[in-house]
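Peer 1: Sending over protein_20.cif (mmCIF, C-alpha atoms).
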```
data_target
#
loop_
_atom_site.group_PDB
_atom_site.id
_atom_site.type_symbol
_atom_site.label_atom_id
_atom_site.label_comp_id
_atom_site.auth_asym_id
_atom_site.auth_seq_id
_atom_site.Cartn_x
_atom_site.Cartn_y
_atom_site.Cartn_z
ATOM 1 C CA MET T 386 36.252 -61.899 26.216
ATOM 2 C CA ARG T 387 37.600 -58.518 27.257
ATOM 3 C CA ASN T 388 37.077 -57.149 23.756
ATOM 4 C CA ALA T 389 33.511 -58.434 23.719
ATOM 5 C CA PHE T 390 32.841 -56.663 27.041
ATOM 6 C CA LEU T 391 34.240 -53.374 25.795
ATOM 7 C CA THR T 392 32.198 -53.645 22.608
ATOM 8 C CA THR T 393 29.026 -54.179 24.641
ATOM 9 C CA VAL T 394 29.790 -51.133 26.798
ATOM 10 C CA ALA T 395 30.500 -49.041 23.731
ATOM 11 C CA LEU T 396 27.254 -50.078 22.033
ATOM 12 C CA GLY T 397 25.347 -49.332 25.221
ATOM 13 C CA ALA T 398 26.833 -45.878 25.348
ATOM 14 C CA ILE T 399 25.889 -45.248 21.746
ATOM 15 C CA CYS T 400 22.307 -46.388 22.398
ATOM 16 C CA LEU T 401 21.973 -44.127 25.441
ATOM 17 C CA GLY T 402 23.339 -41.234 23.445
ATOM 18 C CA SER T 403 20.863 -41.854 20.657
ATOM 19 C CA ALA T 404 17.947 -42.074 23.076
ATOM 20 C CA ALA T 405 18.841 -38.750 24.651
ATOM 21 C CA PHE T 406 19.140 -37.193 21.225
ATOM 22 C CA ALA T 407 15.759 -38.577 20.151
ATOM 23 C CA ALA T 408 13.864 -36.826 22.952
ATOM 24 C CA SER T 409 11.999 -33.808 21.692
ATOM 25 C CA LEU T 410 9.776 -31.038 22.983
ATOM 26 C CA HIS T 411 6.020 -31.446 22.523
ATOM 27 C CA THR T 412 3.317 -28.830 22.877
ATOM 28 C CA GLN T 413 -0.457 -29.126 22.853
ATOM 29 C CA VAL T 414 -2.575 -25.983 22.783
ATOM 30 C CA PHE T 415 -6.185 -25.940 23.990
ATOM 31 C CA THR T 416 -8.278 -23.004 22.805
ATOM 32 C CA SER T 417 -11.411 -24.862 23.844
ATOM 33 C CA SER T 418 -12.114 -27.398 26.569
ATOM 34 C CA GLY T 419 -10.930 -30.957 26.038
ATOM 35 C CA THR T 420 -8.821 -33.781 27.425
ATOM 36 C CA PHE T 421 -5.051 -34.100 27.619
ATOM 37 C CA THR T 422 -3.847 -37.714 27.541
ATOM 38 C CA VAL T 423 -0.417 -38.478 28.953
ATOM 39 C CA PRO T 424 1.492 -40.034 26.061
ATOM 40 C CA VAL T 425 2.709 -43.605 26.049
ATOM 41 C CA GLY T 426 6.382 -43.597 26.924
ATOM 42 C CA ALA T 427 6.056 -40.989 29.627
ATOM 43 C CA GLY T 428 7.407 -42.216 32.941
ATOM 44 C CA VAL T 429 6.523 -41.224 36.472
ATOM 45 C CA GLY T 430 9.575 -38.954 36.430
ATOM 46 C CA SER T 431 8.415 -37.071 33.346
ATOM 47 C CA GLU T 432 7.498 -33.466 33.965
ATOM 48 C CA PHE T 433 4.500 -31.793 32.344
ATOM 49 C CA GLN T 434 4.190 -28.030 32.232
ATOM 50 C CA PHE T 435 0.772 -26.348 32.075
ATOM 51 C CA ILE T 436 0.251 -22.682 31.240
ATOM 52 C CA VAL T 437 -3.300 -21.737 32.174
ATOM 53 C CA ILE T 438 -4.946 -18.410 31.308
ATOM 54 C CA GLY T 439 -8.502 -17.497 32.357
ATOM 55 C CA GLY T 440 -10.914 -15.483 30.270
ATOM 56 C CA GLY T 441 -10.618 -11.697 30.397
ATOM 57 C CA GLY T 442 -13.285 -9.398 31.768
ATOM 58 C CA GLY T 443 -15.427 -7.245 29.522
ATOM 59 C CA GLY T 444 -15.060 -3.502 29.353
ATOM 60 C CA ARG T 445 -17.789 -1.128 30.455
ATOM 61 C CA GLN T 446 -19.707 1.078 28.138
ATOM 62 C CA LEU T 447 -20.587 4.561 29.340
ATOM 63 C CA MET I 268 -13.339 -2.875 15.747
ATOM 64 C CA GLY I 269 -11.736 0.285 14.437
ATOM 65 C CA ALA I 270 -10.227 3.243 16.186
ATOM 66 C CA GLY I 271 -11.936 6.501 16.856
ATOM 67 C CA SER I 272 -15.339 5.252 17.838
ATOM 68 C CA CYS I 273 -14.839 5.412 21.595
ATOM 69 C CA ASP I 274 -13.876 9.018 22.195
ATOM 70 C CA SER I 275 -14.957 11.196 25.054
ATOM 71 C CA THR I 276 -15.112 14.941 24.870
ATOM 72 C CA THR I 277 -16.894 15.379 28.151
ATOM 73 C CA GLY I 278 -14.506 13.895 30.702
ATOM 74 C CA SER I 279 -16.462 10.679 31.074
ATOM 75 C CA ILE I 280 -14.243 7.629 31.461
ATOM 76 C CA ALA I 281 -15.015 3.944 31.112
ATOM 77 C CA ASP I 282 -12.293 1.791 32.696
ATOM 78 C CA GLY I 283 -11.077 -1.489 31.235
ATOM 79 C CA GLY I 284 -11.852 -5.087 32.154
ATOM 80 C CA GLY I 285 -9.375 -7.168 34.157
ATOM 81 C CA SER I 286 -7.172 -9.860 32.676
ATOM 82 C CA GLY I 287 -7.922 -13.443 33.436
ATOM 83 C CA GLY I 288 -5.610 -15.080 35.961
ATOM 84 C CA ALA I 289 -2.459 -16.520 34.398
ATOM 85 C CA GLY I 290 0.381 -18.755 35.441
ATOM 86 C CA LEU I 291 2.526 -21.820 34.909
ATOM 87 C CA ALA I 292 2.772 -25.048 36.866
ATOM 88 C CA SER I 293 4.774 -28.233 36.312
ATOM 89 C CA PHE I 294 3.815 -31.636 37.700
ATOM 90 C CA LYS I 295 5.520 -35.019 37.952
ATOM 91 C CA GLY I 296 3.955 -38.376 38.694
ATOM 92 C CA PHE I 297 1.634 -38.979 35.761
ATOM 93 C CA SER I 298 1.473 -42.427 34.207
ATOM 94 C CA ALA I 299 1.115 -43.121 30.508
ATOM 95 C CA SER I 300 -2.497 -42.844 29.307
ATOM 96 C CA ASP I 301 -3.617 -40.832 32.332
ATOM 97 C CA THR I 302 -6.093 -38.128 31.366
ATOM 98 C CA VAL I 303 -6.299 -34.505 32.460
ATOM 99 C CA SER I 304 -9.551 -32.644 31.878
ATOM 100 C CA ILE I 305 -8.902 -29.204 30.425
ATOM 101 C CA THR I 306 -11.406 -26.371 30.797
ATOM 102 C CA VAL I 307 -10.831 -23.203 28.800
ATOM 103 C CA GLY I 308 -12.613 -20.103 30.097
ATOM 104 C CA SER I 309 -14.496 -17.661 27.934
ATOM 105 C CA GLY I 310 -13.906 -13.936 27.806
ATOM 106 C CA GLY I 311 -16.602 -11.711 29.250
ATOM 107 C CA SER I 312 -18.768 -9.664 26.938
ATOM 108 C CA GLY I 313 -18.285 -5.939 26.678
ATOM 109 C CA GLY I 314 -21.018 -3.741 28.067
ATOM 110 C CA ALA I 315 -23.761 -2.988 25.604
ATOM 111 C CA ALA I 316 -24.342 0.517 24.345
ATOM 112 C CA GLY I 317 -26.412 2.670 26.616
ATOM 113 C CA GLY I 318 -24.233 2.572 29.729
ATOM 114 C CA ASN I 319 -23.993 -1.070 30.706
ATOM 115 C CA ASN I 320 -21.459 -3.216 32.514
ATOM 116 C CA GLY I 321 -19.631 -6.003 30.781
ATOM 117 C CA SER I 322 -19.586 -9.531 32.174
ATOM 118 C CA ASN I 323 -16.837 -11.375 34.030
ATOM 119 C CA GLY I 324 -14.570 -13.845 32.255
ATOM 120 C CA SER I 325 -14.760 -17.490 33.306
ATOM 121 C CA SER I 326 -12.096 -19.785 34.780
ATOM 122 C CA SER I 327 -9.661 -22.024 32.955
ATOM 123 C CA LYS I 328 -8.405 -25.093 34.788
ATOM 124 C CA ALA I 329 -6.762 -28.498 34.643
ATOM 125 C CA THR I 330 -8.452 -31.306 36.571
ATOM 126 C CA TYR I 331 -6.752 -34.610 37.406
ATOM 127 C CA SER I 332 -8.316 -37.469 39.311
ATOM 128 C CA GLY I 333 -11.213 -35.276 40.366
ATOM 129 C CA THR I 334 -8.994 -32.498 41.712
ATOM 130 C CA ASP I 335 -8.466 -29.069 40.166
ATOM 131 C CA ILE I 336 -4.670 -28.982 40.119
ATOM 132 C CA ILE I 337 -4.459 -25.577 38.379
ATOM 133 C CA VAL I 338 -7.068 -22.832 38.305
ATOM 134 C CA SER I 339 -6.867 -19.409 36.681
ATOM 135 C CA SER I 340 -10.039 -17.498 37.416
ATOM 136 C CA GLY I 341 -11.686 -15.130 34.986
ATOM 137 C CA GLY I 342 -11.035 -11.424 34.992
ATOM 138 C CA GLY I 343 -13.628 -9.049 36.353
ATOM 139 C CA ALA I 344 -15.703 -6.693 34.252
ATOM 140 C CA SER I 345 -15.348 -2.983 34.754
ATOM 141 C CA SER I 346 -18.410 -1.791 36.558
ATOM 142 C CA ALA I 347 -20.745 1.087 37.090
ATOM 143 C CA ALA I 348 -19.662 4.596 37.875
ATOM 144 C CA LEU I 349 -17.832 5.078 41.156
ATOM 145 C CA HIS I 350 -17.544 8.841 41.133
ATOM 146 C CA GLY I 351 -19.677 10.835 38.796
ATOM 147 C CA SER I 352 -18.937 9.663 35.315
ATOM 148 C CA ILE I 353 -15.869 7.567 36.133
ATOM 149 C CA SER I 354 -16.309 3.810 36.294
ATOM 150 C CA SER I 355 -14.437 1.160 38.277
ATOM 151 C CA ALA I 356 -11.788 -0.996 36.572
ATOM 152 C CA GLY I 357 -12.181 -4.774 36.459
ATOM 153 C CA SER I 358 -10.012 -6.862 38.786
ATOM 154 C CA ALA I 359 -7.504 -9.384 37.506
ATOM 155 C CA GLY I 360 -8.273 -13.067 37.931
ATOM 156 C CA THR I 361 -6.222 -15.184 40.305
ATOM 157 C CA PHE I 362 -3.912 -18.173 39.744
ATOM 158 C CA SER I 363 -3.425 -21.225 41.955
ATOM 159 C CA ALA I 364 -1.731 -24.620 41.583
ATOM 160 C CA SER I 365 -1.666 -27.580 43.959
ATOM 161 C CA ALA I 366 -1.262 -31.334 43.645
ATOM 162 C CA GLY I 367 -3.729 -31.838 46.486
ATOM 163 C CA GLY I 368 -4.231 -35.523 47.205
ATOM 164 C CA THR I 369 -3.670 -36.710 43.658
ATOM 165 C CA GLY I 370 -0.270 -38.269 44.288
ATOM 166 C CA LEU I 371 1.345 -35.911 41.788
ATOM 167 C CA THR I 372 4.274 -33.687 42.731
ATOM 168 C CA LEU I 373 4.143 -29.968 42.035
ATOM 169 C CA ALA I 374 7.639 -29.367 40.652
ATOM 170 C CA ALA I 375 7.352 -25.626 40.021
ATOM 171 C CA SER I 376 4.790 -22.874 39.716
ATOM 172 C CA LEU I 377 4.736 -19.212 38.814
ATOM 173 C CA ASP I 378 1.886 -16.725 39.048
ATOM 174 C CA TYR I 379 2.180 -14.367 36.088
ATOM 175 C CA GLN I 380 0.484 -11.624 38.106
ATOM 176 C CA SER I 381 -2.114 -10.551 35.595
ATOM 177 C CA GLN I 382 -3.152 -6.926 35.498
ATOM 178 C CA ASP I 383 -6.319 -5.266 36.660
ATOM 179 C CA GLY I 384 -8.032 -3.159 34.052
ATOM 180 C CA LEU I 385 -6.393 0.217 33.745
ATOM 181 C CA ALA I 386 -8.025 3.078 35.537
ATOM 182 C CA THR I 387 -7.770 6.822 35.131
ATOM 183 C CA ARG I 388 -8.964 9.173 37.803
ATOM 184 C CA ALA I 389 -7.865 12.507 36.390
ATOM 185 C CA MET I 390 -10.694 14.678 35.164
ATOM 186 C CA VAL I 391 -9.683 15.473 31.650
ATOM 187 C CA THR I 392 -11.230 16.220 28.349
ATOM 188 C CA GLY I 393 -10.223 14.838 25.000
ATOM 189 C CA ASP I 394 -10.147 11.211 23.979
ATOM 190 C CA LEU I 395 -9.341 9.645 27.322
ATOM 191 C CA GLY I 396 -12.803 8.171 27.627
ATOM 192 C CA THR I 397 -11.315 4.873 26.472
ATOM 193 C CA ILE I 398 -9.188 2.949 28.929
ATOM 194 C CA PRO I 399 -7.385 -0.309 28.082
ATOM 195 C CA GLY I 400 -8.122 -3.561 29.833
ATOM 196 C CA GLY I 401 -5.568 -5.469 31.889
ATOM 197 C CA GLY I 402 -2.966 -7.661 30.202
ATOM 198 C CA ASN I 403 -0.918 -10.746 30.991
ATOM 199 C CA PRO I 404 2.426 -11.971 29.611
ATOM 200 C CA LEU I 405 0.764 -14.106 26.971
ATOM 201 C CA GLY I 406 -2.205 -12.140 25.706
ATOM 202 C CA HIS I 407 -2.976 -8.487 25.234
ATOM 203 C CA ALA I 408 -5.590 -6.133 26.536
ATOM 204 C CA GLY I 409 -8.210 -4.383 24.469
ATOM 205 C CA THR I 410 -6.866 -1.070 23.202
ATOM 206 C CA TYR I 411 -8.103 2.003 21.408
ATOM 207 C CA SER I 412 -7.290 0.364 18.070
ATOM 208 C CA ASN I 413 -8.546 -3.123 18.925
ATOM 209 C CA HIS I 414 -11.260 -3.034 21.525
ATOM 210 C CA ASP I 415 -11.331 -6.755 22.323
ATOM 211 C CA GLY I 416 -8.731 -8.468 24.493
ATOM 212 C CA ALA I 417 -6.939 -11.616 23.343
ATOM 213 C CA LEU I 418 -5.780 -14.718 25.236
ATOM 214 C CA GLY I 419 -7.302 -13.623 28.503
ATOM 215 C CA GLY I 420 -6.721 -9.900 28.150
ATOM 216 C CA GLY I 421 -9.433 -7.558 29.437
ATOM 217 C CA GLY I 422 -11.678 -5.604 27.132
ATOM 218 C CA LEU I 423 -11.481 -1.869 26.482
ATOM 219 C CA GLY I 424 -13.720 0.414 28.483
ATOM 220 C CA CYS I 425 -15.567 2.576 26.016
ATOM 221 C CA PHE I 426 -17.194 5.931 26.394
ATOM 222 C CA SER I 427 -18.963 6.265 23.125
ATOM 223 C CA GLN I 428 -20.816 9.129 21.629
ATOM 224 C CA SER I 429 -21.803 6.782 18.829
ATOM 225 C CA SER I 430 -23.087 4.004 21.088
ATOM 226 C CA VAL I 431 -20.266 1.553 20.556
ATOM 227 C CA ALA I 432 -20.149 -1.327 23.058
ATOM 228 C CA GLY I 433 -17.267 -1.959 25.440
ATOM 229 C CA GLY I 434 -14.574 -4.400 24.319
ATOM 230 C CA ASN I 435 -14.941 -8.133 24.906
ATOM 231 C CA GLY I 436 -12.499 -9.964 27.124
ATOM 232 C CA GLY I 437 -10.217 -12.449 25.389
ATOM 233 C CA ASN I 438 -10.928 -16.148 25.692
ATOM 234 C CA GLY I 439 -8.556 -18.137 27.875
ATOM 235 C CA VAL I 440 -6.087 -20.769 26.722
ATOM 236 C CA VAL I 441 -4.264 -23.794 28.168
ATOM 237 C CA ILE I 442 -0.877 -24.914 26.846
ATOM 238 C CA VAL I 443 0.710 -28.236 27.830
ATOM 239 C CA THR I 444 4.407 -28.848 27.192
ATOM 240 C CA TRP I 445 6.560 -31.922 27.839
ATOM 241 C CA VAL I 446 9.704 -33.682 26.688
ATOM 242 C CA ASN I 447 9.436 -37.255 25.488
#
```
Do you think you could lay out the structure here as structure tokens?
Peer 2:
Amino acid sequence: MRNAFLTTVALGAICLGSAAFAASLHTQVFTSSGTFTVPVGAGVGSEFQFIVIGGGGGGRQL
Amino acid sequence: MGAGSCDSTTGSIADGGGSGGAGLASFKGFSASDTVSITVGSGGSGGAAGGNNGSNGSSSKATYSGTDIIVSSGGGASSAALHGSISSAGSAGTFSASAGGTGLTLAASLDYQSQDGLATRAMVTGDLGTIPGGGNPLGHAGTYSNHDGALGGGGLGCFSQSSVAGGNGGNGVVIVTWVN
């Protein structure tokens, strides 16, 4: 019984370790207007970073 | 556009356009399959030959649940002569981020402090009739060698004895990053 418990704990630890390892960085670039859809698997605690750059102004001609 | 076509030998100076606003913001609280509307602003056009202003860039933004949670406004065009034959540089766009009433949490934000178009007030002769636009950490401003800005950079101000237009502002961009 004790061995079975330890085995379960060990397997759980391995699974958690694998899950953490499987996480990867994703990037989506928008050069034109569109829609970003929050991916399945993202939880409320997931953080999404947006870098937003406006269009530049035109130069004058003299 | 190649170098050498925007030279002044008379002391006339055309200042550069401003960079679009730029910054970073991180949010928590989204649910899977939520959608965020992304608007990417366009760069302003350079002033046409014959002594014309350029146009302002337009805003880029992210909109969630009807609320603009991030807005980077467009950079300003450099405008008509302030003093004699010296024009006025374009202003940089602004950056703002707020969760508003969306239920999201703004975890972090940083205004990249985009640059105004460069301005020169010294009365000089030579090839200083061309003044770069303003830059931001991501894109670059229009320069003597490449008149158009990129990724929100302002366009080159051009005094041209061969009627070359001012540089165009760079189009904006939105980049979304997450770990999953």
Peer 1: Find the residues near T:Thr412: any atom within 7 Å, counting only C-alpha atoms, skip ones fewer than 4 places away on the same chain, and give them as number ranges by chain.
Peer 2: I: 442-445
Peer 1: When distances are computed from all atoms listed in the file, which of T:Gly430, T:Pro424, T:Gly444, T:Gly419 shows the smallest separation from I:Asn319?
Peer 2: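 Closest to I:Asn319, using all atoms listed in the file: T:Gly444.
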Peer 1: At a cut-off of 8 Å, can you tabulate as CSV every residue of chain T near chain I together with its closest atom pair and the distance in Å to one decimal, using only C-alpha atoms and ordering rows by chain then number?
Peer 2:
```
residue,atom,partner,partner_atom,distance
T:Ala408,CA,I:Asn447,CA,5.1
T:Ser409,CA,I:Val446,CA,5.5
T:Leu410,CA,I:Val446,CA,4.6
T:His411,CA,I:Trp445,CA,5.4
T:Thr412,CA,I:Thr444,CA,4.5
T:Gln413,CA,I:Val443,CA,5.2
T:Val414,CA,I:Ile442,CA,4.5
T:Phe415,CA,I:Val441,CA,5.1
T:Thr416,CA,I:Val440,CA,5.0
T:Ser417,CA,I:Val307,CA,5.3
T:Ser418,CA,I:Thr306,CA,4.4
T:Gly419,CA,I:Ile305,CA,5.1
T:Thr420,CA,I:Ser304,CA,4.7
T:Phe421,CA,I:Val303,CA,5.0
T:Thr422,CA,I:Thr302,CA,4.5
T:Val423,CA,I:Ser300,CA,4.8
T:Pro424,CA,I:Ala299,CA,5.4
T:Val425,CA,I:Ala299,CA,4.8
T:Gly426,CA,I:Ala299,CA,6.4
T:Ala427,CA,I:Ala299,CA,5.5
T:Gly428,CA,I:Ser298,CA,6.1
T:Val429,CA,I:Gly296,CA,4.4
T:Gly430,CA,I:Lys295,CA,5.9
T:Ser431,CA,I:Lys295,CA,5.8
T:Glu432,CA,I:Lys295,CA,4.7
T:Phe433,CA,I:Trp445,CA,5.0
T:Gln434,CA,I:Ser293,CA,4.1
T:Phe435,CA,I:Val443,CA,4.6
T:Ile436,CA,I:Leu291,CA,4.4
T:Val437,CA,I:Val441,CA,4.6
T:Ile438,CA,I:Ala289,CA,4.4
T:Gly439,CA,I:Gly287,CA,4.2
T:Gly440,CA,I:Gly310,CA,4.2
T:Gly441,CA,I:Gly436,CA,4.2
T:Gly442,CA,I:Ala344,CA,4.4
T:Gly443,CA,I:Gly313,CA,4.2
T:Gly444,CA,I:Gly424,CA,4.2
T:Arg445,CA,I:Asn320,CA,4.7
T:Gln446,CA,I:Gly433,CA,4.7
T:Leu447,CA,I:Gly318,CA,4.2
```
Peer 1: For a quick check of your reading of the model, name the residues lying within 8 Å of the coordinate (-5.7, -41.4, 41.0), counting all atoms listed in the file, and write them as number ranges by chain.
Peer 2: I: 331-332, 369-370
Peer 1: Reconstruct N, CA and C atoms of stretch 278-313 of chain I; output as an mmCIF file, in the frame of the given file.
Peer 2:
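Now in selection17.cif:
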```cif
data_model
loop_
_atom_site.group_PDB
_atom_site.id
_atom_site.type_symbol
_atom_site.label_atom_id
_atom_site.label_comp_id
_atom_site.auth_asym_id
_atom_site.auth_seq_id
_atom_site.Cartn_x
_atom_site.Cartn_y
_atom_site.Cartn_z
ATOM 1 N N GLY I 278 -15.144 14.279 29.448
ATOM 2 C CA GLY I 278 -14.506 13.895 30.702
ATOM 3 C C GLY I 278 -15.016 12.584 31.251
ATOM 4 N N SER I 279 -15.985 11.985 30.616
ATOM 5 C CA SER I 279 -16.462 10.679 31.074
ATOM 6 C C SER I 279 -15.427 9.605 30.741
ATOM 7 N N ILE I 280 -15.270 8.653 31.655
ATOM 8 C CA ILE I 280 -14.243 7.629 31.461
ATOM 9 C C ILE I 280 -14.807 6.250 31.775
ATOM 10 N N ALA I 281 -14.596 5.324 30.873
ATOM 11 C CA ALA I 281 -15.015 3.944 31.112
ATOM 12 C C ALA I 281 -13.768 3.087 31.253
ATOM 13 N N ASP I 282 -13.511 2.569 32.458
ATOM 14 C CA ASP I 282 -12.293 1.791 32.696
ATOM 15 C C ASP I 282 -12.356 0.418 32.040
ATOM 16 N N GLY I 283 -11.182 -0.214 31.941
ATOM 17 C CA GLY I 283 -11.077 -1.489 31.235
ATOM 18 C C GLY I 283 -11.394 -2.691 32.105
ATOM 19 N N GLY I 284 -11.640 -3.828 31.453
ATOM 20 C CA GLY I 284 -11.852 -5.087 32.154
ATOM 21 C C GLY I 284 -10.528 -5.680 32.631
ATOM 22 N N GLY I 285 -10.588 -6.531 33.632
ATOM 23 C CA GLY I 285 -9.375 -7.168 34.157
ATOM 24 C C GLY I 285 -8.952 -8.365 33.328
ATOM 25 N N SER I 286 -7.670 -8.649 33.349
ATOM 26 C CA SER I 286 -7.172 -9.860 32.676
ATOM 27 C C SER I 286 -7.599 -11.105 33.457
ATOM 28 N N GLY I 287 -7.751 -12.181 32.751
ATOM 29 C CA GLY I 287 -7.922 -13.443 33.436
ATOM 30 C C GLY I 287 -6.657 -13.804 34.204
ATOM 31 N N GLY I 288 -6.787 -14.593 35.239
ATOM 32 C CA GLY I 288 -5.610 -15.080 35.961
ATOM 33 C C GLY I 288 -4.700 -15.853 35.013
ATOM 34 N N ALA I 289 -3.406 -15.871 35.307
ATOM 35 C CA ALA I 289 -2.459 -16.520 34.398
ATOM 36 C C ALA I 289 -1.273 -17.055 35.179
ATOM 37 N N GLY I 290 -0.796 -18.211 34.782
ATOM 38 C CA GLY I 290 0.381 -18.755 35.441
ATOM 39 C C GLY I 290 0.800 -20.083 34.850
ATOM 40 N N LEU I 291 1.890 -20.582 35.389
ATOM 41 C CA LEU I 291 2.526 -21.820 34.909
ATOM 42 C C LEU I 291 2.710 -22.773 36.080
ATOM 43 N N ALA I 292 2.486 -24.044 35.832
ATOM 44 C CA ALA I 292 2.772 -25.048 36.866
ATOM 45 C C ALA I 292 3.254 -26.328 36.201
ATOM 46 N N SER I 293 4.242 -26.968 36.824
ATOM 47 C CA SER I 293 4.774 -28.233 36.312
ATOM 48 C C SER I 293 4.522 -29.336 37.330
ATOM 49 N N PHE I 294 4.114 -30.490 36.827
ATOM 50 C CA PHE I 294 3.815 -31.636 37.700
ATOM 51 C C PHE I 294 4.572 -32.875 37.241
ATOM 52 N N LYS I 295 4.969 -33.692 38.209
ATOM 53 C CA LYS I 295 5.520 -35.019 37.952
ATOM 54 C C LYS I 295 4.592 -36.062 38.573
ATOM 55 N N GLY I 296 4.698 -37.282 38.076
ATOM 56 C CA GLY I 296 3.955 -38.376 38.694
ATOM 57 C C GLY I 296 2.837 -38.946 37.844
ATOM 58 N N PHE I 297 2.640 -38.407 36.646
ATOM 59 C CA PHE I 297 1.634 -38.979 35.761
ATOM 60 C C PHE I 297 2.117 -40.329 35.228
ATOM 61 N N SER I 298 1.168 -41.177 34.898
ATOM 62 C CA SER I 298 1.473 -42.427 34.207
ATOM 63 C C SER I 298 0.939 -42.341 32.781
ATOM 64 N N ALA I 299 1.561 -43.103 31.898
ATOM 65 C CA ALA I 299 1.115 -43.121 30.508
ATOM 66 C C ALA I 299 -0.375 -43.424 30.438
ATOM 67 N N SER I 300 -1.052 -42.704 29.566
ATOM 68 C CA SER I 300 -2.497 -42.844 29.307
ATOM 69 C C SER I 300 -3.387 -42.221 30.375
ATOM 70 N N ASP I 301 -2.805 -41.620 31.406
ATOM 71 C CA ASP I 301 -3.617 -40.832 32.332
ATOM 72 C C ASP I 301 -4.279 -39.700 31.551
ATOM 73 N N THR I 302 -5.429 -39.248 32.040
ATOM 74 C CA THR I 302 -6.093 -38.128 31.366
ATOM 75 C C THR I 302 -6.239 -36.942 32.309
ATOM 76 N N VAL I 303 -6.112 -35.759 31.728
ATOM 77 C CA VAL I 303 -6.299 -34.505 32.460
ATOM 78 C C VAL I 303 -7.401 -33.730 31.744
ATOM 79 N N SER I 304 -8.446 -33.406 32.467
ATOM 80 C CA SER I 304 -9.551 -32.644 31.878
ATOM 81 C C SER I 304 -9.171 -31.166 31.819
ATOM 82 N N ILE I 305 -9.276 -30.601 30.631
ATOM 83 C CA ILE I 305 -8.902 -29.204 30.425
ATOM 84 C C ILE I 305 -10.158 -28.362 30.200
ATOM 85 N N THR I 306 -10.301 -27.320 30.994
ATOM 86 C CA THR I 306 -11.406 -26.371 30.797
ATOM 87 C C THR I 306 -10.821 -25.034 30.375
ATOM 88 N N VAL I 307 -11.310 -24.500 29.284
ATOM 89 C CA VAL I 307 -10.831 -23.203 28.800
ATOM 90 C C VAL I 307 -11.940 -22.166 29.027
ATOM 91 N N GLY I 308 -11.624 -21.121 29.768
ATOM 92 C CA GLY I 308 -12.613 -20.103 30.097
ATOM 93 C C GLY I 308 -12.901 -19.169 28.936
ATOM 94 N N SER I 309 -14.096 -18.619 28.969
ATOM 95 C CA SER I 309 -14.496 -17.661 27.934
ATOM 96 C C SER I 309 -14.275 -16.232 28.417
ATOM 97 N N GLY I 310 -14.006 -15.350 27.474
ATOM 98 C CA GLY I 310 -13.906 -13.936 27.806
ATOM 99 C C GLY I 310 -15.282 -13.357 28.093
ATOM 100 N N GLY I 311 -15.329 -12.371 28.971
ATOM 101 C CA GLY I 311 -16.602 -11.711 29.250
ATOM 102 C C GLY I 311 -17.003 -10.797 28.104
ATOM 103 N N SER I 312 -18.279 -10.562 27.993
ATOM 104 C CA SER I 312 -18.768 -9.664 26.938
ATOM 105 C C SER I 312 -18.602 -8.212 27.362
ATOM 106 N N GLY I 313 -18.344 -7.365 26.398
ATOM 107 C CA GLY I 313 -18.285 -5.939 26.678
ATOM 108 C C GLY I 313 -19.675 -5.402 26.969
#
```
